[in-house]
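Student: See run37.cif below, with mmCIF, C-alpha atoms.
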data_final
#
loop_
_atom_site.label_atom_id
_atom_site.label_comp_id
_atom_site.auth_asym_id
_atom_site.auth_seq_id
_atom_site.Cartn_x
_atom_site.Cartn_y
_atom_site.Cartn_z
CA MET B 56 57.45 -70.21 122.97
CA GLU B 57 56.24 -66.61 123.09
CA ILE B 58 58.57 -64.13 124.78
CA THR B 59 56.97 -60.88 125.96
CA ALA B 60 58.83 -57.80 127.14
CA ASN B 61 57.97 -55.16 129.72
CA GLU B 62 57.79 -51.69 128.16
CA ASN B 63 57.62 -49.66 131.37
CA LEU B 64 61.03 -48.09 132.08
CA LYS B 65 60.41 -46.41 135.47
CA VAL B 66 60.83 -48.20 138.80
CA GLN B 67 58.87 -47.65 142.01
CA VAL B 68 60.21 -47.72 145.57
CA SER B 69 58.38 -50.80 146.86
CA HIS B 70 59.13 -54.30 148.11
CA LYS B 71 57.20 -55.76 145.19
CA GLN B 72 59.32 -53.84 142.66
CA ILE B 73 62.54 -54.89 144.39
CA LEU B 74 61.58 -58.57 144.30
CA THR B 75 60.25 -58.31 140.74
CA ILE B 76 63.69 -57.14 139.59
CA ALA B 77 65.94 -59.12 141.94
CA LEU B 78 64.44 -62.62 142.01
CA PRO B 79 64.76 -63.31 138.27
CA ILE B 80 68.35 -62.05 138.51
CA THR B 81 68.87 -64.48 141.40
CA LEU B 82 67.80 -67.42 139.27
CA ALA B 83 69.98 -66.19 136.41
CA VAL B 84 73.02 -65.82 138.69
CA LEU B 85 72.39 -69.22 140.28
CA ILE B 86 72.72 -71.09 137.00
CA PRO B 87 76.37 -70.12 136.24
CA GLN B 88 77.24 -70.90 139.86
CA ILE B 89 75.77 -74.37 139.38
CA ASN B 90 77.83 -74.40 136.19
CA MET B 91 81.05 -73.64 138.11
CA LEU B 92 80.15 -76.09 140.86
CA THR B 93 79.62 -78.82 138.26
CA ASN B 94 83.04 -78.03 136.75
CA ASN B 95 84.69 -78.51 140.12
CA ILE B 96 82.74 -81.67 140.89
CA PHE B 97 83.91 -83.22 137.61
CA LEU B 98 87.50 -82.02 138.15
CA GLY B 99 87.43 -83.29 141.74
CA ARG B 100 86.48 -86.71 140.39
CA LEU B 101 89.39 -86.42 137.94
CA SER B 102 91.99 -85.70 140.66
CA GLU B 103 92.76 -83.50 143.66
CA GLU B 104 95.51 -81.88 141.56
CA ALA B 105 93.00 -80.87 138.88
CA LEU B 106 90.64 -79.45 141.51
CA GLY B 107 93.49 -77.48 143.08
CA ASN B 108 94.77 -76.14 139.74
CA ALA B 109 91.24 -75.05 138.87
CA GLY B 110 91.49 -72.57 141.74
CA ILE B 111 94.27 -70.39 140.35
CA THR B 112 93.10 -70.71 136.72
CA GLY B 113 89.54 -69.90 137.74
CA VAL B 114 90.60 -66.79 139.62
CA TYR B 115 92.83 -65.66 136.73
CA TYR B 116 89.92 -65.89 134.28
CA LEU B 117 87.67 -64.27 136.86
CA ILE B 118 89.87 -61.15 136.72
CA PHE B 119 88.89 -60.58 133.10
CA ALA B 120 85.33 -61.75 133.65
CA VAL B 121 84.82 -59.14 136.37
CA ALA B 122 86.39 -56.52 134.12
CA GLY B 123 83.52 -57.34 131.79
CA SER B 124 81.15 -57.17 134.75
CA GLY B 125 82.51 -53.72 135.57
CA LEU B 126 81.75 -52.62 132.04
CA SER B 127 78.27 -54.19 132.05
CA ASN B 128 77.47 -52.67 135.48
CA ALA B 129 78.54 -49.28 134.18
CA MET B 130 76.39 -49.85 131.10
CA GLN B 131 73.52 -50.78 133.41
CA THR B 132 73.99 -47.49 135.29
CA VAL B 133 73.95 -45.47 132.07
CA PHE B 134 71.03 -47.48 130.63
CA SER B 135 68.99 -47.01 133.80
CA LYS B 136 69.65 -43.30 134.05
CA TYR B 137 68.28 -42.65 130.57
CA ALA B 138 65.45 -45.12 131.14
CA GLY B 139 64.47 -43.14 134.26
CA LYS B 140 64.56 -39.97 132.17
CA SER B 141 62.33 -41.67 129.56
CA GLU B 142 65.00 -41.11 126.88
CA ALA B 143 64.60 -44.57 125.36
CA GLU B 144 66.12 -43.51 122.05
CA LYS B 145 69.54 -43.36 123.73
CA LEU B 146 69.50 -47.07 124.66
CA THR B 147 70.38 -48.38 121.20
CA VAL B 148 73.37 -46.05 120.92
CA ILE B 149 74.58 -47.00 124.41
CA LEU B 150 74.42 -50.73 123.61
CA SER B 151 76.28 -50.42 120.31
CA GLN B 152 79.05 -48.35 121.93
CA GLY B 153 79.29 -50.98 124.66
CA VAL B 154 79.74 -53.74 122.08
CA ARG B 155 82.65 -51.83 120.48
CA ILE B 156 84.35 -51.30 123.84
CA SER B 157 83.76 -54.96 124.86
CA LEU B 158 85.43 -56.37 121.78
CA MET B 159 88.49 -54.15 122.28
CA LEU B 160 88.75 -55.21 125.94
CA SER B 161 88.47 -58.90 124.97
CA PHE B 162 91.17 -58.63 122.31
CA ALA B 163 93.55 -57.01 124.81
CA ALA B 164 92.87 -59.77 127.36
CA ILE B 165 93.54 -62.55 124.82
CA VAL B 166 96.84 -60.98 123.75
CA PHE B 167 97.88 -60.49 127.39
CA THR B 168 97.09 -64.10 128.33
CA TRP B 169 98.95 -65.61 125.40
CA PHE B 170 102.07 -63.46 125.34
CA ILE B 171 102.53 -61.67 128.68
CA ALA B 172 100.84 -63.62 131.48
CA PRO B 173 103.21 -66.64 131.29
CA PHE B 174 106.22 -64.46 132.15
CA ILE B 175 104.36 -62.83 135.06
CA MET B 176 102.90 -66.00 136.59
CA GLN B 177 105.79 -68.44 136.19
CA PRO B 178 107.97 -67.13 139.08
CA PHE B 179 105.05 -67.50 141.50
CA SER B 180 103.50 -70.76 140.31
CA ASP B 181 104.12 -74.35 141.29
CA PRO B 182 106.61 -75.62 138.63
CA ASP B 183 104.73 -78.92 138.36
CA ALA B 184 101.43 -77.18 137.68
CA PHE B 185 102.50 -74.10 135.70
CA HIS B 186 102.43 -75.53 132.17
CA LYS B 187 99.08 -77.26 132.73
CA GLU B 188 97.59 -74.05 134.11
CA MET B 189 98.84 -71.89 131.23
CA GLU B 190 97.67 -74.39 128.61
CA PHE B 191 94.23 -74.31 130.22
CA LEU B 192 94.14 -70.49 130.32
CA LYS B 193 95.17 -70.09 126.67
CA ILE B 194 92.04 -72.06 125.78
CA ARG B 195 89.78 -70.55 128.42
CA ILE B 196 90.44 -66.91 127.53
CA TRP B 197 88.74 -67.33 124.12
CA GLY B 198 85.41 -67.41 125.92
CA LEU B 199 85.84 -63.81 127.15
CA PRO B 200 84.35 -61.92 124.17
CA PHE B 201 81.27 -64.17 124.27
CA LEU B 202 80.96 -63.73 128.04
CA ILE B 203 81.17 -59.92 127.95
CA LEU B 204 78.66 -59.61 125.11
CA PHE B 205 76.41 -61.97 127.08
CA GLN B 206 76.77 -59.68 130.12
CA LEU B 207 75.91 -56.60 128.02
CA GLY B 208 72.73 -58.19 126.74
CA ASN B 209 71.74 -59.05 130.30
CA ALA B 210 72.53 -55.52 131.49
CA PHE B 211 70.10 -54.19 128.91
CA LEU B 212 67.39 -56.65 130.02
CA ILE B 213 67.80 -55.61 133.67
CA SER B 214 67.85 -51.88 132.89
CA SER B 215 64.74 -52.11 130.71
CA LEU B 216 62.99 -53.91 133.62
CA ASN B 217 62.91 -57.23 131.75
CA SER B 218 64.96 -59.28 134.23
CA LYS B 219 62.39 -62.09 133.91
CA LEU B 220 63.89 -62.79 130.46
CA LEU B 221 67.38 -63.44 131.85
CA MET B 222 66.77 -67.11 132.60
CA THR B 223 66.75 -68.35 129.01
CA GLY B 224 70.35 -67.46 128.17
CA PHE B 225 71.74 -68.68 131.48
CA LEU B 226 69.80 -71.94 131.25
CA PHE B 227 71.14 -72.78 127.80
CA GLU B 228 74.67 -71.84 128.87
CA ALA B 229 74.52 -74.08 131.94
CA MET B 230 73.08 -77.07 130.08
CA THR B 231 75.75 -76.74 127.39
CA ASN B 232 78.55 -76.53 129.94
CA ILE B 233 77.38 -79.49 132.03
CA LEU B 234 76.90 -81.69 128.97
CA LEU B 235 80.29 -80.78 127.46
CA ASP B 236 82.07 -81.20 130.81
CA TYR B 237 80.72 -84.73 130.98
CA VAL B 238 81.80 -85.70 127.49
CA LEU B 239 85.08 -83.74 127.15
CA ILE B 240 86.75 -84.18 130.55
CA PHE B 241 86.34 -87.95 130.68
CA GLY B 242 85.88 -88.75 126.97
CA ASN B 243 82.33 -90.09 127.20
CA TRP B 244 80.11 -90.85 124.18
CA GLY B 245 83.11 -91.32 121.90
CA PHE B 246 84.54 -87.82 122.45
CA PRO B 247 88.28 -87.37 123.15
CA ALA B 248 89.22 -87.37 126.85
CA LEU B 249 90.72 -83.90 127.24
CA GLY B 250 91.00 -84.05 131.03
CA PHE B 251 91.67 -80.69 132.70
CA ASN B 252 91.55 -78.83 129.36
CA GLY B 253 88.15 -80.34 128.63
CA ALA B 254 86.64 -78.01 131.23
CA ALA B 255 88.15 -75.02 129.40
CA VAL B 256 86.75 -76.05 126.02
CA ALA B 257 83.34 -76.76 127.55
CA SER B 258 83.20 -73.33 129.20
CA VAL B 259 84.16 -71.46 126.02
CA LEU B 260 81.46 -73.20 123.98
CA ALA B 261 78.93 -72.65 126.76
CA GLU B 262 79.63 -68.90 126.87
CA CYS B 263 79.24 -68.72 123.09
CA THR B 264 75.87 -70.44 123.45
CA GLY B 265 74.77 -68.03 126.17
CA MET B 266 75.65 -65.01 124.04
CA LEU B 267 73.74 -66.31 121.02
CA VAL B 268 70.67 -67.09 123.11
CA VAL B 269 70.50 -63.74 124.93
CA PHE B 270 70.62 -61.83 121.63
CA MET B 271 67.97 -64.17 120.25
CA VAL B 272 65.83 -63.24 123.28
CA LEU B 273 66.29 -59.55 122.45
CA MET B 274 64.98 -60.25 118.96
CA LYS B 275 62.10 -62.58 119.86
CA SER B 276 60.84 -60.34 122.69
CA GLY B 277 60.48 -57.36 120.38
CA LEU B 278 63.05 -55.31 122.32
CA LYS B 279 65.46 -55.23 119.37
CA LYS B 280 62.76 -53.86 117.08
CA ARG B 281 61.31 -51.40 119.61
CA TYR B 282 64.66 -49.82 120.52
CA ARG B 283 66.37 -50.48 117.17
CA LEU B 284 69.13 -52.32 119.01
CA LEU B 285 72.44 -52.84 117.19
CA ALA B 286 71.12 -50.99 114.15
CA ASP B 287 73.99 -48.50 114.11
CA PHE B 288 77.59 -49.06 115.22
CA LYS B 289 78.84 -45.57 114.41
CA TYR B 290 81.05 -44.00 117.05
CA HIS B 291 79.08 -41.70 119.35
CA SER B 292 81.50 -39.43 121.18
CA LEU B 293 79.38 -38.16 124.09
CA LEU B 294 77.82 -41.48 125.10
CA SER B 295 81.07 -43.41 124.59
CA LYS B 296 82.87 -40.96 126.86
CA GLU B 297 80.11 -41.30 129.47
CA ILE B 298 80.36 -45.11 129.36
CA ILE B 299 84.14 -44.98 129.68
CA ARG B 300 83.96 -42.37 132.48
CA VAL B 301 81.60 -44.55 134.49
CA SER B 302 83.15 -47.91 133.58
CA LEU B 303 86.90 -47.33 133.93
CA PRO B 304 86.90 -46.94 137.73
CA LEU B 305 84.55 -49.94 138.02
CA VAL B 306 86.67 -52.12 135.71
CA PHE B 307 89.82 -51.17 137.59
CA GLN B 308 88.06 -51.69 140.94
CA TYR B 309 86.85 -55.17 140.00
CA VAL B 310 90.17 -56.22 138.48
CA VAL B 311 92.18 -55.05 141.50
CA SER B 312 89.71 -56.76 143.83
CA VAL B 313 89.94 -60.16 142.14
CA THR B 314 93.71 -59.80 141.57
CA THR B 315 94.10 -59.81 145.35
CA TRP B 316 92.21 -63.11 145.35
CA LEU B 317 94.71 -64.37 142.76
CA VAL B 318 97.51 -63.32 145.13
CA PHE B 319 95.76 -65.27 147.88
CA PHE B 320 95.69 -68.41 145.73
CA ILE B 321 99.34 -67.93 144.75
CA LEU B 322 100.26 -67.72 148.45
CA LEU B 323 98.36 -70.99 148.91
CA GLU B 324 100.69 -72.75 146.46
CA SER B 325 103.07 -73.53 149.35
CA ARG B 326 100.29 -74.90 151.61
CA GLY B 327 99.70 -78.13 149.70
CA GLN B 328 97.07 -79.56 147.37
CA THR B 329 94.40 -79.97 150.06
CA ALA B 330 94.52 -76.28 151.04
CA LYS B 331 94.31 -75.30 147.36
CA ALA B 332 91.43 -77.69 146.70
CA VAL B 333 89.46 -76.59 149.79
CA SER B 334 89.98 -72.93 148.91
CA ASN B 335 88.78 -73.57 145.37
CA THR B 336 85.54 -74.98 146.77
CA MET B 337 85.17 -71.75 148.79
CA ARG B 338 84.65 -70.00 145.46
CA ASN B 339 81.64 -72.26 145.07
CA VAL B 340 80.44 -71.28 148.54
CA PHE B 341 80.68 -67.60 147.60
CA GLY B 342 78.99 -68.36 144.31
CA MET B 343 76.09 -70.43 145.63
CA SER B 344 75.49 -68.44 148.82
CA GLY B 345 76.15 -65.16 147.06
CA VAL B 346 73.51 -65.48 144.34
CA PHE B 347 71.08 -63.38 146.34
CA ILE B 348 73.79 -60.88 147.25
CA TRP B 349 74.76 -60.23 143.63
CA ALA B 350 71.13 -60.17 142.52
CA PHE B 351 70.01 -57.60 145.09
CA ALA B 352 73.19 -55.59 144.55
CA SER B 353 72.48 -55.51 140.80
CA ALA B 354 68.89 -54.50 141.50
CA CYS B 355 70.17 -51.74 143.77
CA ASN B 356 72.47 -50.36 141.06
CA ASN B 357 69.62 -50.36 138.56
CA MET B 358 66.95 -48.93 140.86
CA VAL B 359 69.11 -46.19 142.40
CA SER B 360 70.17 -44.98 138.97
CA ASN B 361 66.59 -45.14 137.68
CA ILE B 362 65.19 -43.27 140.71
CA ILE B 363 67.86 -40.58 140.33
CA GLY B 364 66.99 -40.31 136.65
CA GLN B 365 63.40 -39.63 137.74
CA GLY B 366 64.63 -36.85 140.05
CA LYS B 367 63.63 -38.66 143.27
CA GLN B 368 66.95 -38.41 145.15
CA THR B 369 65.20 -38.17 148.53
CA GLU B 370 63.94 -41.76 148.19
CA VAL B 371 67.35 -43.33 147.52
CA LEU B 372 68.40 -44.15 151.12
CA LYS B 373 65.01 -45.65 151.94
CA LEU B 374 65.27 -47.83 148.84
CA VAL B 375 68.80 -49.02 149.68
CA ARG B 376 67.80 -50.01 153.22
CA MET B 377 64.86 -52.01 151.88
CA ILE B 378 67.09 -53.85 149.41
CA MET B 379 69.73 -54.52 152.10
CA MET B 380 67.20 -56.21 154.38
CA TRP B 381 66.10 -58.58 151.60
CA SER B 382 69.74 -59.35 150.75
CA MET B 383 70.57 -60.17 154.39
CA LEU B 384 67.48 -62.36 154.81
CA PHE B 385 68.10 -64.57 151.77
CA THR B 386 71.85 -64.80 152.42
CA ALA B 387 71.26 -65.86 156.02
CA ILE B 388 69.03 -68.69 154.82
CA MET B 389 71.73 -69.89 152.41
CA VAL B 390 74.66 -69.79 154.86
CA ILE B 391 72.64 -71.44 157.64
CA THR B 392 71.81 -74.29 155.26
CA LEU B 393 75.49 -74.71 154.35
CA ASN B 394 76.53 -74.70 157.99
CA VAL B 395 73.91 -77.29 158.95
CA PHE B 396 74.92 -79.63 156.09
CA PRO B 397 78.65 -78.96 155.40
CA HIS B 398 79.48 -82.65 155.10
CA LEU B 399 76.93 -83.07 152.32
CA PHE B 400 78.43 -80.14 150.38
CA PHE B 401 82.09 -81.17 150.67
CA SER B 402 81.38 -84.84 149.99
CA LEU B 403 80.29 -83.83 146.47
CA PHE B 404 83.95 -83.43 145.51
CA GLY B 405 84.93 -87.01 146.40
CA GLN B 406 88.08 -86.10 148.35
CA GLY B 407 87.74 -87.99 151.64
CA GLU B 408 87.08 -87.17 155.29
CA HIS B 409 90.19 -84.99 155.86
CA PHE B 410 89.09 -82.72 153.03
CA VAL B 411 85.60 -82.46 154.56
CA GLN B 412 86.94 -81.60 158.02
CA GLU B 413 89.35 -78.98 156.69
CA GLY B 414 86.64 -77.39 154.57
CA THR B 415 84.05 -77.34 157.36
CA SER B 416 86.21 -75.14 159.60
CA VAL B 417 86.77 -72.74 156.71
CA ILE B 418 83.09 -72.53 155.81
CA ARG B 419 82.23 -71.44 159.37
CA MET B 420 84.58 -68.45 159.02
CA VAL B 421 83.49 -67.57 155.49
CA SER B 422 79.82 -67.54 156.53
CA LEU B 423 80.37 -64.63 158.89
CA GLY B 424 82.06 -62.66 156.14
CA MET B 425 79.15 -63.34 153.79
CA ILE B 426 76.63 -61.73 156.15
CA PHE B 427 78.67 -58.53 156.00
CA MET B 428 79.06 -59.05 152.26
CA SER B 429 75.25 -59.12 151.89
CA MET B 430 75.05 -55.62 153.37
CA ALA B 431 78.26 -54.17 151.91
CA ASN B 432 77.54 -55.12 148.30
CA VAL B 433 74.16 -53.40 148.34
CA TRP B 434 75.59 -50.14 149.69
CA LEU B 435 78.58 -50.32 147.32
CA ASN B 436 76.25 -50.79 144.36
CA ALA B 437 74.18 -47.86 145.59
CA VAL B 438 77.33 -45.77 145.13
CA THR B 439 77.66 -47.27 141.64
CA GLY B 440 74.06 -46.31 140.87
CA THR B 441 74.82 -42.65 141.62
CA GLY B 442 77.46 -42.69 138.88
CA ARG B 443 80.25 -41.83 141.32
CA THR B 444 82.38 -44.82 140.33
CA ARG B 445 85.59 -43.06 141.32
CA VAL B 446 84.33 -43.23 144.88
CA ASN B 447 83.78 -46.99 144.36
CA LEU B 448 87.40 -47.27 143.32
CA LEU B 449 88.65 -45.32 146.35
CA ILE B 450 86.59 -47.52 148.69
CA GLU B 451 88.00 -50.61 146.98
CA ILE B 452 91.61 -49.43 147.28
CA VAL B 453 91.34 -48.74 151.01
CA ALA B 454 89.57 -52.07 151.65
CA ILE B 455 92.15 -53.99 149.61
CA ILE B 456 95.08 -52.45 151.47
CA LEU B 457 93.56 -53.65 154.75
CA TYR B 458 92.80 -57.04 153.19
CA MET B 459 96.30 -57.55 151.80
CA VAL B 460 98.08 -56.56 155.01
CA TYR B 461 95.88 -58.96 156.98
CA THR B 462 96.30 -61.74 154.39
CA TRP B 463 100.08 -61.42 154.23
CA TYR B 464 100.37 -61.58 158.00
CA PHE B 465 98.21 -64.68 158.43
CA MET B 466 99.52 -66.44 155.31
CA LYS B 467 103.26 -65.74 155.54
CA VAL B 468 104.19 -64.20 158.88
CA ASN B 469 101.93 -66.09 161.28
CA TYR B 470 100.05 -68.90 159.53
CA ILE B 471 97.66 -70.47 162.04
CA SER B 472 95.18 -72.35 159.87
CA LEU B 473 93.38 -72.12 156.55
CA ALA B 474 90.23 -70.97 158.36
CA VAL B 475 92.07 -68.03 159.95
CA ALA B 476 93.55 -67.13 156.56
CA TRP B 477 90.02 -66.99 155.10
CA SER B 478 88.91 -64.58 157.84
CA ASN B 479 90.38 -61.88 155.58
CA GLU B 480 86.95 -61.78 153.88
CA PHE B 481 85.44 -60.49 157.12
CA ILE B 482 87.98 -57.64 157.23
CA TYR B 483 87.41 -56.75 153.59
CA TRP B 484 83.61 -56.61 153.60
CA LEU B 485 83.37 -54.84 156.95
CA SER B 486 85.56 -52.02 155.64
CA VAL B 487 83.59 -51.81 152.36
CA LEU B 488 80.33 -51.62 154.31
CA GLY B 489 81.55 -48.87 156.62
CA MET B 490 82.87 -46.63 153.83
CA SER B 491 79.95 -47.16 151.43
CA TYR B 492 77.35 -46.53 154.14
CA TRP B 493 79.12 -43.38 155.30
CA TYR B 494 79.35 -41.99 151.76
CA MET B 495 75.68 -42.56 150.95
CA ARG B 496 74.58 -41.12 154.31
CA SER B 497 76.79 -38.06 153.80
CA GLY B 498 74.72 -36.99 150.77
CA LYS B 499 77.84 -35.94 148.85
CA TRP B 500 76.72 -38.03 145.89
CA LYS B 501 73.83 -35.59 145.33
CA GLN B 502 76.28 -32.85 144.35
CA SER B 503 77.25 -34.65 141.14
CA VAL B 504 73.91 -36.10 140.05
CA THR B 505 72.88 -34.80 136.64
#
Go through the file and emit its structure as structure tokens.

Tutor:
Amino acid sequence: MEITANENLKVQVSHKQILTIALPITLAVLIPQINMLTNNIFLGRLSEEALGNAGITGVYYLIFAVAGSGLSNAMQTVFSKYAGKSEAEKLTVILSQGVRISLMLSFAAIVFTWFIAPFIMQPFSDPDAFHKEMEFLKIRIWGLPFLILFQLGNAFLISSLNSKLLMTGFLFEAMTNILLDYVLIFGNWGFPALGFNGAAVASVLAECTGMLVVFMVLMKSGLKKRYRLLADFKYHSLLSKEIIRVSLPLVFQYVVSVTTWLVFFILLESRGQTAKAVSNTMRNVFGMSGVFIWAFASACNNMVSNIIGQGKQTEVLKLVRMIMMWSMLFTAIMVITLNVFPHLFFSLFGQGEHFVQEGTSVIRMVSLGMIFMSMANVWLNAVTGTGRTRVNLLIEIVAIILYMVYTWYFMKVNYISLAVAWSNEFIYWLSVLGMSYWYMRSGKWKQSVT
């Protein structure tokens, strides 16, 4: 199969350009969500306990995964800025510095999970589930270095306007994960039946496969040769400092954001296995319905940074509005579909009618939050694209304070129902939208653009 790369590094403000960048990202984002959904379907067939435990372990791993996403999004911002400036020679140095930083971050996460996390999580965890969850996480965390390097390779493909090449790596990762879930969780085809831990092993091997394939794509497409990618791993002070300056607030922002979700799942420990299992499936709802949101948000980050690099700051707000409308349209289609056929979705997990009824009421509430999420994520990523990631962090902190106060009240002080507890997403995304929109409209970001 011949793989061809796009060599044009400058974006245009047009609907065609937006869709050209975003739709391939959508397909690429969809595949790991199918991957996660398949994990939960298999674990749901194993037991309700396994499906419930997958919630807290999944969110724990997600904390480190989004730290990697923060780094890759920052890398995407830096990549796109220099691409917009037509300084292609900087791209190879940026990627190699990102690889160095990624490996250090992964090593720290592995050490933390093995030697520190058990002492932090044990007081808050269900005693019957704690040891199973920690055993799972000590396996699962080994996939992190592969995942982050995979994310870096994809960030380069998006920034170099080659998002059409993303599909290959994600496709191989998903196929590997689904196949290994089938054989390792239940012990099919003569493999050992690893149960809950089988999902962890499958995911690690799948992420390794994804990383290998995306770097193979870089080689086969000619991008590695053209930009001399990974040819030099020497420390580059100025670009490393720029990556760290842009990435640290994003990494911290993402980690704090998902940590609050971990707190939410910990608070759910006292609400029974059904509440935990239903809430875990809500991660799938966010994943499946959010594929367009994350894709258009990623496109917004890339395009805003590229346009600024070209010196066209006056076109930024017009571009963001265009991207937001596409994000809202596609998200509305997804959530309407889920709300019309909720029974079909929840029946996939094989948990019975009570589970379906409980989940349906939650999905109605989550859908409203996702419409605001479709707008808020685009504007928040516009802030990211300007390079003002400290502003991202400030927006995140304010939104999380509101989220946590609301969550604590409706989870501990006045618990009404699981659906009301999940209405915290509406509060969170509405506050993010308001602050991000105000900042971009204020024009203050122009003062720091270089």

Student: Selection in question (the file shown): the PyMOL selection byres ((chain B and resi 239) around 10). Which residues does it include, as number ranges by chain?

Tutor: B: 234-238, 240-257

Student: For this structure, which residues satisfy the selection - the PyMOL selection byres ((chain B and resi 195) around 12) - when it is evaluated on the file as given? I want them as a VMD selection string.

Tutor: chain B and resid 109 112 to 117 119 to 120 164 to 165 168 to 169 188 to 194 196 to 202 251 to 263

Student: Report, in Å with one decimal, the straight-line distance from CA of Phe167 in chain B to CA of Met459 in chain B.

Tutor: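 Atom-to-atom, CA of Phe167 in chain B and CA of Met459 in chain B are spaced 24.6 Å apart.
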
Student: Per residue of range 303-372 of chain B within 8 Å of range 127-150 of chain B, record the nearest atom pair and its distance in Å to one decimal, counting only C-alpha atoms, with rows in chain order and ascending residue number, as JSON lines.

Tutor:
{"residue": "B:Leu305", "atom": "CA", "partner": "B:Ala129", "partner_atom": "CA", "distance": 7.2}
{"residue": "B:Ser353", "atom": "CA", "partner": "B:Asn128", "partner_atom": "CA", "distance": 7.8}
{"residue": "B:Asn356", "atom": "CA", "partner": "B:Thr132", "partner_atom": "CA", "distance": 6.6}
{"residue": "B:Asn357", "atom": "CA", "partner": "B:Ser135", "partner_atom": "CA", "distance": 5.9}
{"residue": "B:Met358", "atom": "CA", "partner": "B:Ser135", "partner_atom": "CA", "distance": 7.6}
{"residue": "B:Ser360", "atom": "CA", "partner": "B:Lys136", "partner_atom": "CA", "distance": 5.2}
{"residue": "B:Asn361", "atom": "CA", "partner": "B:Gly139", "partner_atom": "CA", "distance": 4.5}
{"residue": "B:Ile362", "atom": "CA", "partner": "B:Gly139", "partner_atom": "CA", "distance": 6.5}
{"residue": "B:Ile363", "atom": "CA", "partner": "B:Lys136", "partner_atom": "CA", "distance": 7.1}
{"residue": "B:Gly364", "atom": "CA", "partner": "B:Gly139", "partner_atom": "CA", "distance": 4.5}
{"residue": "B:Gln365", "atom": "CA", "partner": "B:Gly139", "partner_atom": "CA", "distance": 5.1}

Student: Those selected residues, please, written with C-alpha atoms and delivered as a PDB file, keeping the file's coordinate frame.

Tutor:
ATOM      1  CA  LEU B 305      84.550 -49.940 138.020  1.00  0.00           C
ATOM      2  CA  SER B 353      72.480 -55.510 140.800  1.00  0.00           C
ATOM      3  CA  ASN B 356      72.470 -50.360 141.060  1.00  0.00           C
ATOM      4  CA  ASN B 357      69.620 -50.360 138.560  1.00  0.00           C
ATOM      5  CA  MET B 358      66.950 -48.930 140.860  1.00  0.00           C
ATOM      6  CA  SER B 360      70.170 -44.980 138.970  1.00  0.00           C
ATOM      7  CA  ASN B 361      66.590 -45.140 137.680  1.00  0.00           C
ATOM      8  CA  ILE B 362      65.190 -43.270 140.710  1.00  0.00           C
ATOM      9  CA  ILE B 363      67.860 -40.580 140.330  1.00  0.00           C
ATOM     10  CA  GLY B 364      66.990 -40.310 136.650  1.00  0.00           C
ATOM     11  CA  GLN B 365      63.400 -39.630 137.740  1.00  0.00           C
TER      12      GLN B 365
END

Student: Given all atoms listed in the file as the basis, pick out the residue of B:Ser382, B:Ala105, B:Val390, B:Thr315 nearest to Leu457 in chain B.

Tutor: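 Checking each of B:Ser382, B:Ala105, B:Val390, B:Thr315 against Leu457 in chain B, counting all atoms listed in the file, the winner is B:Thr315.
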
Student: Starting from the PyMOL selection byres ((chain B and resi 374) around 10), expand the selection into actual residues of this file and give them as a PDB file with C-alpha atoms, keeping the file's coordinate frame.

Tutor:
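Dumped to result.pdb:
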ATOM      1  CA  GLN B  67      58.870 -47.650 142.010  1.00  0.00           C
ATOM      2  CA  VAL B  68      60.210 -47.720 145.570  1.00  0.00           C
ATOM      3  CA  SER B  69      58.380 -50.800 146.860  1.00  0.00           C
ATOM      4  CA  HIS B  70      59.130 -54.300 148.110  1.00  0.00           C
ATOM      5  CA  ILE B  73      62.540 -54.890 144.390  1.00  0.00           C
ATOM      6  CA  CYS B 355      70.170 -51.740 143.770  1.00  0.00           C
ATOM      7  CA  MET B 358      66.950 -48.930 140.860  1.00  0.00           C
ATOM      8  CA  VAL B 359      69.110 -46.190 142.400  1.00  0.00           C
ATOM      9  CA  ILE B 362      65.190 -43.270 140.710  1.00  0.00           C
ATOM     10  CA  THR B 369      65.200 -38.170 148.530  1.00  0.00           C
ATOM     11  CA  GLU B 370      63.940 -41.760 148.190  1.00  0.00           C
ATOM     12  CA  VAL B 371      67.350 -43.330 147.520  1.00  0.00           C
ATOM     13  CA  LEU B 372      68.400 -44.150 151.120  1.00  0.00           C
ATOM     14  CA  LYS B 373      65.010 -45.650 151.940  1.00  0.00           C
ATOM     15  CA  VAL B 375      68.800 -49.020 149.680  1.00  0.00           C
ATOM     16  CA  ARG B 376      67.800 -50.010 153.220  1.00  0.00           C
ATOM     17  CA  MET B 377      64.860 -52.010 151.880  1.00  0.00           C
ATOM     18  CA  ILE B 378      67.090 -53.850 149.410  1.00  0.00           C
ATOM     19  CA  MET B 379      69.730 -54.520 152.100  1.00  0.00           C
ATOM     20  CA  ALA B 437      74.180 -47.860 145.590  1.00  0.00           C
TER      21      ALA B 437
END

Student: Enter the distance from CA of Leu435 in chain B to CA of Val487 in chain B, in Å, rounded to one decimal.

Tutor: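 Going from CA of Leu435 in chain B over to CA of Val487 in chain B covers 7.3 Å.
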
Student: What does the distance between CA of Ser302 in chain B and CA of Thr386 in chain B come to in Å, to one decimal place?

Tutor: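 Calculated distance between CA of Ser302 in chain B and CA of Thr386 in chain B is 27.7 Å.
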
Student: Of the candidates B:Ala431, B:Leu323, B:Phe396, B:Ala184, which one gets nearest to Ser472 in chain B if we count only C-alpha atoms?

Tutor: B:Leu323

Student: Quick one: residues within 10 Å of Ser180 in chain B, all atoms listed in the file counted, chain neighbours fewer than 4 positions away excluded, as a VMD selection string?

Tutor: chain B and resid 111 173 175 to 176 184 to 186 188 320 to 322 324 to 325
